[in-house]
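Everything below belongs to my_file-v8.pdb, which stores PDB, C-alpha atoms, pLDDT in the B column.
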ATOM      1  CA  MET A   1      78.839 151.466 157.858  1.00 50.00           C
ATOM      2  CA  THR A   2      77.567 154.038 155.372  1.00 55.00           C
ATOM      3  CA  THR A   3      74.558 156.283 155.618  1.00 71.00           C
ATOM      4  CA  ASP A   4      73.626 156.602 151.974  1.00 82.00           C
ATOM      5  CA  GLN A   5      70.279 158.219 151.390  1.00 82.00           C
ATOM      6  CA  THR A   6      67.943 157.575 148.542  1.00 89.00           C
ATOM      7  CA  PRO A   7      66.762 160.543 146.483  1.00 87.00           C
ATOM      8  CA  GLU A   8      63.355 160.250 148.158  1.00 88.00           C
ATOM      9  CA  GLN A   9      64.939 160.469 151.617  1.00 85.00           C
ATOM     10  CA  LYS A  10      66.989 163.502 150.560  1.00 87.00           C
ATOM     11  CA  ALA A  11      63.878 165.201 149.197  1.00 87.00           C
ATOM     12  CA  ALA A  12      61.935 164.462 152.389  1.00 83.00           C
ATOM     13  CA  GLU A  13      64.762 165.842 154.524  1.00 84.00           C
ATOM     14  CA  ALA A  14      64.983 168.998 152.404  1.00 85.00           C
ATOM     15  CA  ARG A  15      61.212 169.475 152.688  1.00 86.00           C
ATOM     16  CA  ALA A  16      61.374 169.049 156.470  1.00 81.00           C
ATOM     17  CA  GLU A  17      64.161 171.637 156.675  1.00 85.00           C
ATOM     18  CA  LYS A  18      62.118 174.132 154.658  1.00 89.00           C
ATOM     19  CA  ILE A  19      59.126 173.611 156.939  1.00 84.00           C
ATOM     20  CA  THR A  20      61.326 174.048 160.023  1.00 81.00           C
ATOM     21  CA  PHE A  21      62.814 177.301 158.743  1.00 87.00           C
ATOM     22  CA  GLY A  22      59.320 178.488 157.867  1.00 88.00           C
ATOM     23  CA  ILE A  23      58.066 177.792 161.377  1.00 82.00           C
ATOM     24  CA  PHE A  24      61.043 179.609 162.901  1.00 84.00           C
ATOM     25  CA  GLY A  25      60.447 182.536 160.538  1.00 89.00           C
ATOM     26  CA  VAL A  26      56.799 182.768 161.547  1.00 87.00           C
ATOM     27  CA  ILE A  27      57.735 182.723 165.250  1.00 84.00           C
ATOM     28  CA  VAL A  28      60.331 185.467 164.791  1.00 88.00           C
ATOM     29  CA  LEU A  29      57.889 187.533 162.743  1.00 91.00           C
ATOM     30  CA  ALA A  30      55.225 187.126 165.432  1.00 88.00           C
ATOM     31  CA  LEU A  31      57.680 188.257 168.120  1.00 87.00           C
ATOM     32  CA  VAL A  32      58.633 191.341 166.083  1.00 91.00           C
ATOM     33  CA  LEU A  33      55.009 192.215 165.372  1.00 91.00           C
ATOM     34  CA  GLY A  34      54.109 191.702 169.037  1.00 90.00           C
ATOM     35  CA  PHE A  35      56.898 194.067 170.058  1.00 90.00           C
ATOM     36  CA  LEU A  36      55.921 196.687 167.493  1.00 93.00           C
ATOM     37  CA  THR A  37      52.264 196.651 168.496  1.00 92.00           C
ATOM     38  CA  MET A  38      52.427 196.224 172.290  1.00 90.00           C
ATOM     39  CA  GLY A  39      56.066 196.560 173.331  1.00 90.00           C
ATOM     40  CA  LEU A  40      57.575 194.047 175.732  1.00 89.00           C
ATOM     41  CA  ALA A  41      54.145 192.878 176.857  1.00 90.00           C
ATOM     42  CA  GLY A  42      53.441 191.854 173.260  1.00 89.00           C
ATOM     43  CA  VAL A  43      56.647 189.815 173.144  1.00 89.00           C
ATOM     44  CA  GLY A  44      55.615 188.090 176.367  1.00 89.00           C
ATOM     45  CA  LEU A  45      52.171 187.269 175.017  1.00 89.00           C
ATOM     46  CA  VAL A  46      53.617 185.809 171.823  1.00 88.00           C
ATOM     47  CA  ALA A  47      56.203 183.822 173.789  1.00 86.00           C
ATOM     48  CA  VAL A  48      53.547 182.351 176.086  1.00 90.00           C
ATOM     49  CA  ALA A  49      51.342 181.526 173.100  1.00 87.00           C
ATOM     50  CA  THR A  50      54.160 179.653 171.302  1.00 86.00           C
ATOM     51  CA  VAL A  51      54.925 177.323 174.232  1.00 87.00           C
ATOM     52  CA  PRO A  52      52.098 174.867 173.391  1.00 87.00           C
ATOM     53  CA  VAL A  53      53.086 174.953 169.720  1.00 83.00           C
ATOM     54  CA  ILE A  54      56.691 174.075 170.547  1.00 83.00           C
ATOM     55  CA  TYR A  55      55.475 171.291 172.851  1.00 86.00           C
ATOM     56  CA  LEU A  56      53.321 169.820 170.088  1.00 83.00           C
ATOM     57  CA  LEU A  57      56.211 170.008 167.610  1.00 80.00           C
ATOM     58  CA  LEU A  58      58.456 168.164 170.057  1.00 82.00           C
ATOM     59  CA  ILE A  59      55.809 165.444 170.467  1.00 83.00           C
ATOM     60  CA  MET A  60      55.506 165.112 166.700  1.00 80.00           C
ATOM     61  CA  MET A  61      59.303 164.864 166.351  1.00 79.00           C
ATOM     62  CA  ALA A  62      59.363 162.145 169.019  1.00 82.00           C
ATOM     63  CA  GLY A  63      56.954 160.070 166.991  1.00 77.00           C
ATOM     64  CA  GLY A  64      53.750 160.976 168.783  1.00 65.00           C
ATOM     65  CA  LYS A  65      54.761 159.488 172.111  1.00 62.00           C
ATOM     66  CA  GLY A  66      53.820 162.067 174.726  1.00 54.00           C
TER      67      GLY A  66
END
Starting from the coordinates I provided, produce the structure as structure tokens.
Amino acid sequence: MTTDQTPEQKAAEARAEKITFGIFGVIVLALVLGFLTMGLAGVGLVAVATVPVIYLLLIMMAGGKG
């Protein structure tokens, strides 16, 4: 059994990877900025604010079944 991908599937997977790395980069940047502006309390606020975002991303990855 082979798992050959069409060029369209490869392009879609590459696009999804770029979006994922972008989201992770934004989260890390937000954590750094939160720390620089408010110290550890800022990191906590950013972490609490990203929980719903991560939950929504997981629902989207599961196909919208939540």
Between CA of Ala30 in chain A and CA of Val46 in chain A - distance in Å to one decimal: 6.7 Å
Spatial neighbours of range 49-52 of chain A, 12 Å, all atoms listed in the file, chain gap at least 5 places, as a PyMOL selection string: chain A and resi 23-24+26-28+30-31+34+42-44+57-59
Point-to-point distance in Å for CA of Val53 in chain A and CA of Phe35 in chain A: 19.5 Å
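As for CA of Ala41 in chain A and CA of Gly25 in chain A, they are spaced 20.3 Å apart.
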Will you give me range 4-63 of chain A, written with C-alpha atoms and laid out as an mmCIF file, in the first residue's frame?
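The file below, result-v4.cif, is the result:
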data_model
loop_
_atom_site.group_PDB
_atom_site.id
_atom_site.type_symbol
_atom_site.label_atom_id
_atom_site.label_comp_id
_atom_site.auth_asym_id
_atom_site.auth_seq_id
_atom_site.Cartn_x
_atom_site.Cartn_y
_atom_site.Cartn_z
ATOM 1 C CA ASP A 4 1.501 8.771 -3.000
ATOM 2 C CA GLN A 5 0.338 12.347 -2.858
ATOM 3 C CA THR A 6 -0.746 14.468 -5.741
ATOM 4 C CA PRO A 7 0.961 17.827 -6.238
ATOM 5 C CA GLU A 8 -2.198 19.533 -4.966
ATOM 6 C CA GLN A 9 -2.116 17.484 -1.754
ATOM 7 C CA LYS A 10 1.574 18.290 -1.255
ATOM 8 C CA ALA A 11 0.892 21.991 -1.762
ATOM 9 C CA ALA A 12 -2.023 21.909 0.689
ATOM 10 C CA GLU A 13 0.107 20.128 3.286
ATOM 11 C CA ALA A 14 2.942 22.634 2.854
ATOM 12 C CA ARG A 15 0.477 25.516 3.234
ATOM 13 C CA ALA A 16 -0.957 23.962 6.403
ATOM 14 C CA GLU A 17 2.549 23.575 7.839
ATOM 15 C CA LYS A 18 3.339 27.230 7.140
ATOM 16 C CA ILE A 19 0.127 28.310 8.856
ATOM 17 C CA THR A 20 0.906 26.079 11.849
ATOM 18 C CA PHE A 21 4.411 27.491 12.239
ATOM 19 C CA GLY A 22 2.976 30.988 11.920
ATOM 20 C CA ILE A 23 0.467 30.347 14.689
ATOM 21 C CA PHE A 24 3.182 28.928 16.948
ATOM 22 C CA GLY A 25 5.379 31.941 16.177
ATOM 23 C CA VAL A 26 2.602 34.356 17.091
ATOM 24 C CA ILE A 27 1.980 32.522 20.383
ATOM 25 C CA VAL A 28 5.673 32.574 21.295
ATOM 26 C CA LEU A 29 5.925 36.247 20.363
ATOM 27 C CA ALA A 30 2.877 37.042 22.501
ATOM 28 C CA LEU A 31 4.401 35.194 25.467
ATOM 29 C CA VAL A 32 7.681 37.112 25.094
ATOM 30 C CA LEU A 33 5.903 40.449 24.776
ATOM 31 C CA GLY A 34 3.705 39.628 27.775
ATOM 32 C CA PHE A 35 6.797 38.845 29.833
ATOM 33 C CA LEU A 36 8.604 41.994 28.732
ATOM 34 C CA THR A 37 5.656 44.247 29.517
ATOM 35 C CA MET A 38 4.218 42.688 32.697
ATOM 36 C CA GLY A 39 6.646 40.008 33.864
ATOM 37 C CA LEU A 40 5.338 36.600 34.882
ATOM 38 C CA ALA A 41 1.806 37.935 35.263
ATOM 39 C CA GLY A 42 1.894 38.892 31.581
ATOM 40 C CA VAL A 43 2.933 35.364 30.621
ATOM 41 C CA GLY A 44 0.039 34.001 32.668
ATOM 42 C CA LEU A 45 -2.447 36.330 31.009
ATOM 43 C CA VAL A 46 -1.247 35.366 27.537
ATOM 44 C CA ALA A 47 -1.320 31.666 28.436
ATOM 45 C CA VAL A 48 -4.890 31.899 29.739
ATOM 46 C CA ALA A 49 -5.946 33.856 26.654
ATOM 47 C CA THR A 50 -4.507 31.227 24.266
ATOM 48 C CA VAL A 51 -6.407 28.299 25.821
ATOM 49 C CA PRO A 52 -9.644 28.996 23.880
ATOM 50 C CA VAL A 53 -7.647 29.486 20.681
ATOM 51 C CA ILE A 54 -5.925 26.123 21.101
ATOM 52 C CA TYR A 55 -9.294 24.500 21.842
ATOM 53 C CA LEU A 56 -10.792 25.940 18.660
ATOM 54 C CA LEU A 57 -7.792 24.783 16.615
ATOM 55 C CA LEU A 58 -8.180 21.266 17.999
ATOM 56 C CA ILE A 59 -11.879 21.280 17.053
ATOM 57 C CA MET A 60 -11.020 22.447 13.546
ATOM 58 C CA MET A 61 -8.373 19.713 13.214
ATOM 59 C CA ALA A 62 -10.923 17.117 14.340
ATOM 60 C CA GLY A 63 -13.226 18.127 11.529
#
